[in-house]
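**Q** Mind looking over this structure? Questions follow.
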Amino acid sequence: MASDGGRKQFWKRSGAKVPGSIQHVYGAQHPPFDPLLHGTLIKPPASKPPTTPVKLKKVSTFQEFESNTSDAWDLGDDDDELLAIAAENLNTEVVMETAHKVIQNHSKLQEQHKSEEEHLQEEKQVEFAELTSIACGDNRLVKSVSEGHTSSSSDNASENSSMQRSQSLPQTSTPPLVSGMADYHASVSPALTEREASRLDKFKQLLAGPNTDLEELRKLSWSGIPKRVRPIAWKLLSGYLPANVDRRESTLQRKRKEYFAFVEQYYDSRNDENHQDTYRQIHIDIPRMSPEVLRLQPKVTEIFERILFIWAIRHPASGYVQGINDLVTPFFVVFVCEYIEEEVENFDVSSLPEEVLQNIEADSYWCMSKLLDGIQDNYTFAQPGIQKKVNMLEELVSRIDEQVHRHLDQHEVKYLQFAFRWMNNLLMREVPLRCTIRLWDTYQSEPEGFSHFHLYVCAAFLVRWRKEILEEKDFQELLIFLQNLPTVHWGNEEISVLLAEAYRLKFAFADAPNHYKK
């Protein structure tokens, strides 16, 4: 241990000034009182007699420094004295005048805040009036109320030109679904939350450019696509439409014309001996589709029969296979929503103009074709793609939840008995249509979403029911449960959790194929 002399030498301060006792800070425990700002309120101090400066003793040790500053954090014993001095030096009239000014300023601030709130409310009413004018007008986009009053030439436009504008994608910087009938649908939809409105603005900004950044669109779409921009987003993500805005209208016209050329060329042959079995199977399967209200509409049945028959004729390697019929529905529903206000289930599709129905039919065909191009081995002879995916699902579940896997195995439940439909119909028979559409937002944002990523979604979906699965102790009960999972009340929240878990599994296993193996 060092001697006392050594300790003093260690703590010795060389030349540096050491702070003394900390002075009282006005405003620390009491309202601020700044002599510089309130000079008029203080009486001029009496002149002090000159004092002889005293040379302070230099602090050389820590003990001395501590003794000089030991009162630094003492609670203000002299606070009352300071307040007394302040009160004594203040003029009562000046204090009252200052207090009156403070009250006046506070009242002015309250009036200003109230005025701002009223102005904001007026802006909302004006915005609502804009939306109402869109809903009640002839499906045109009115950017502002004043613009709506001044553009008299637009008010006199014919119904045909208005319908053409609503059916075609604009070639300007305006997002395709910000005009026409889509705005009519948007104007009467429920008010968006702040987060939903922010996401919608991001999509609109992205789609407004002359060339849409598809990579950025995928990133935005992964977490779900707002209903108002979903039709154009799906067409872009599926590869049906080009990223360049100027080429979209010509592409749409060419592809729609090409589809109806196929219809004219092939559809009359549906009753030929070579094709009648295919057409008969399609005719049997369509009534099994979901939702029921939609499939019972004769116009919808007619459209679906044409789409499926033309696809089967154009793809002889697979032809038509049960399950493909379900894959048309999400595209059809999303593209119908571009033109209507209410939900498709409550709408008579045949009431739409024939030209609009033709556009929806052609767009649904091409987008479904793009989807099936990536999973066609699911529907070729013996469906090898599905067989392979079911085996991969079994291996994956055995790695991530061995208890569930062992429970199914003990009760002799084979994955093929329940997961075949999951792969064949992309979970469309397991969750409501609204959930399928949300699921497909992410699938179209993922590379190989309908094939590779779907495997992880199915694994997360199975493990999601582990508690209920482990409670079932019988083969028949297990199988009935797995084929009739209680998802009727599911919504976006449940699907988002499912997708997050699927992404976690993909992140852990996709780049580690040996994880599949025991």
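Residues in the structure tokens are numbered from 1 in each chain, the chains being A, B, ... in the order shown, and ligands are numbered from 1 in the order shown.
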Residues within 9 Å of Lys370 in chain A, please, as a ChimeraX atom specification. Count only C-alpha atoms; anything in the same chain fewer than 6 positions from it doesn't count.
**A** /A:238-240
**Q** Step one, run DSSP on the backbone; step two, keep only residues of range 259-339 of chain A assigned to alpha helix (DSSP H); then write them as a PyMOL selection string.
**A** chain A and resi 259-266+276-285+292-295+298-314+329-336
**Q** Excluding same-chain residues fewer than 2 positions from Glu215 in chain A, what lies within 12 Å of it counting only C-alpha atoms, as a PyMOL selection string?
**A** chain A and resi 206+211-213+217-222+236-237+243+444-447
**Q** Could you dump the residues just selected with C-alpha atoms as a CSV table (one decimal), in the first residue's frame?
**A**
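Generated file (result_19.csv):
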```csv
chain,number,residue,atom,x,y,z
A,206,LEU,CA,-44.0,3.3,-57.2
A,211,ASN,CA,-40.8,2.3,-65.5
A,212,THR,CA,-42.0,0.3,-62.4
A,213,ASP,CA,-39.2,-1.1,-60.3
A,217,LEU,CA,-42.7,-3.8,-56.0
A,218,ARG,CA,-42.0,-7.3,-54.7
A,219,LYS,CA,-40.6,-5.9,-51.5
A,220,LEU,CA,-43.7,-3.8,-50.9
A,221,SER,CA,-46.1,-6.5,-51.9
A,222,TRP,CA,-44.7,-9.2,-49.6
A,236,LEU,CA,-47.0,-6.8,-63.1
A,237,LEU,CA,-45.8,-9.4,-60.6
A,243,ALA,CA,-42.7,-2.6,-66.3
A,444,GLN,CA,-46.1,-13.5,-56.3
A,445,SER,CA,-43.5,-11.5,-54.4
A,446,GLU,CA,-41.3,-14.5,-53.6
A,447,PRO,CA,-39.0,-16.2,-56.1
```
**Q** With 12 Å as the cut-off and only C-alpha atoms counted, what is the closest atom pair between each nearby residue of range 308-416 of chain A and range 503-511 of chain A? Distances in Å to one decimal, ordered by chain and number, as CSV.
**A**
```
residue,atom,partner,partner_atom,distance
A:Met392,CA,A:Phe509,CA,11.4
A:Leu393,CA,A:Leu505,CA,11.7
A:Glu395,CA,A:Phe509,CA,11.2
A:Leu396,CA,A:Phe509,CA,8.4
A:Val397,CA,A:Leu505,CA,10.3
A:Arg399,CA,A:Phe509,CA,9.8
A:Ile400,CA,A:Leu505,CA,8.5
A:Asp401,CA,A:Leu505,CA,11.6
```
**Q** Ranking A:Leu308, A:Met289, A:Val457, A:Ile340 by minimum distance to Arg228 in chain A and counting only C-alpha atoms, which one comes first?
**A**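 That would be A:Ile340, the residue with the smallest distance to Arg228 in chain A.
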**Q** Pick from A:Leu207, A:Ile495, A:Ile232, A:Ile386: nearest to Thr442 in chain A, with only C-alpha atoms counted?
**A**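 Closest to Thr442 in chain A of all the choices is A:Ile495.
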**Q** Which is closer to Ile313 in chain A than all the others in A:Ser250, A:Ser351, A:Ser115, A:Asn274, using only C-alpha atoms?
**A**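 Of all the options, A:Asn274 lies closest to Ile313 in chain A.
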**Q** Quick one: pull the distance between CA of Tyr379 in chain A and CA of His315 in chain A, Å, one decimal.
**A** 10.5 Å
**Q** When you look at range 259-267 of chain A with a cut-off of 7 Å (counting only C-alpha atoms), what residues show up, excluding the ones that are within fewer than 2 positions of it in the same chain? I need them as a ChimeraX atom specification.
**A** /A:255-257,269-270,306,310,362
**Q** Take the residues from that selection and put them in a file with N, CA and C atoms, as a tab-separated table (two decimals), in the first residue's frame.
**A**
```tsv
chain	number	residue	atom	x	y	z
A	255	LYS	N	-52.58	-9.16	-76.11
A	255	LYS	CA	-52.81	-10.42	-75.40
A	255	LYS	C	-54.30	-10.77	-75.35
A	256	ARG	N	-55.14	-9.78	-75.17
A	256	ARG	CA	-56.58	-10.04	-75.16
A	256	ARG	C	-57.07	-10.50	-76.53
A	257	LYS	N	-56.56	-9.89	-77.55
A	257	LYS	CA	-56.91	-10.30	-78.91
A	257	LYS	C	-56.42	-11.72	-79.18
A	269	SER	N	-64.40	-26.95	-80.63
A	269	SER	CA	-64.02	-28.37	-80.69
A	269	SER	C	-64.23	-29.09	-79.36
A	270	ARG	N	-64.86	-28.42	-78.38
A	270	ARG	CA	-65.01	-29.01	-77.05
A	270	ARG	C	-65.87	-30.27	-77.05
A	306	ARG	N	-64.45	-21.71	-70.53
A	306	ARG	CA	-63.62	-21.29	-71.68
A	306	ARG	C	-62.15	-21.20	-71.28
A	310	ILE	N	-59.41	-23.81	-72.95
A	310	ILE	CA	-58.36	-23.26	-73.82
A	310	ILE	C	-56.99	-23.59	-73.23
A	362	ALA	N	-59.79	-12.59	-70.32
A	362	ALA	CA	-58.47	-12.73	-70.96
A	362	ALA	C	-57.35	-12.51	-69.95
```
**Q** Give me, as JSON lines, each residue of range 201-318 of chain A that comes within 12 Å of range 426-434 of chain A, together with its shortest interatomic pair and the distance in Å at one decimal, counting only C-alpha atoms, with rows ordered by chain and rising residue number.
**A**
```
{"residue": "A:Gly224", "atom": "CA", "partner": "A:Arg434", "partner_atom": "CA", "distance": 11.8}
{"residue": "A:Lys227", "atom": "CA", "partner": "A:Arg434", "partner_atom": "CA", "distance": 10.9}
{"residue": "A:Arg288", "atom": "CA", "partner": "A:Arg429", "partner_atom": "CA", "distance": 10.5}
{"residue": "A:Met289", "atom": "CA", "partner": "A:Arg429", "partner_atom": "CA", "distance": 9.0}
{"residue": "A:Ser290", "atom": "CA", "partner": "A:Leu433", "partner_atom": "CA", "distance": 7.6}
{"residue": "A:Pro291", "atom": "CA", "partner": "A:Leu433", "partner_atom": "CA", "distance": 7.4}
{"residue": "A:Glu292", "atom": "CA", "partner": "A:Leu433", "partner_atom": "CA", "distance": 11.1}
{"residue": "A:Leu294", "atom": "CA", "partner": "A:Leu433", "partner_atom": "CA", "distance": 11.5}
```
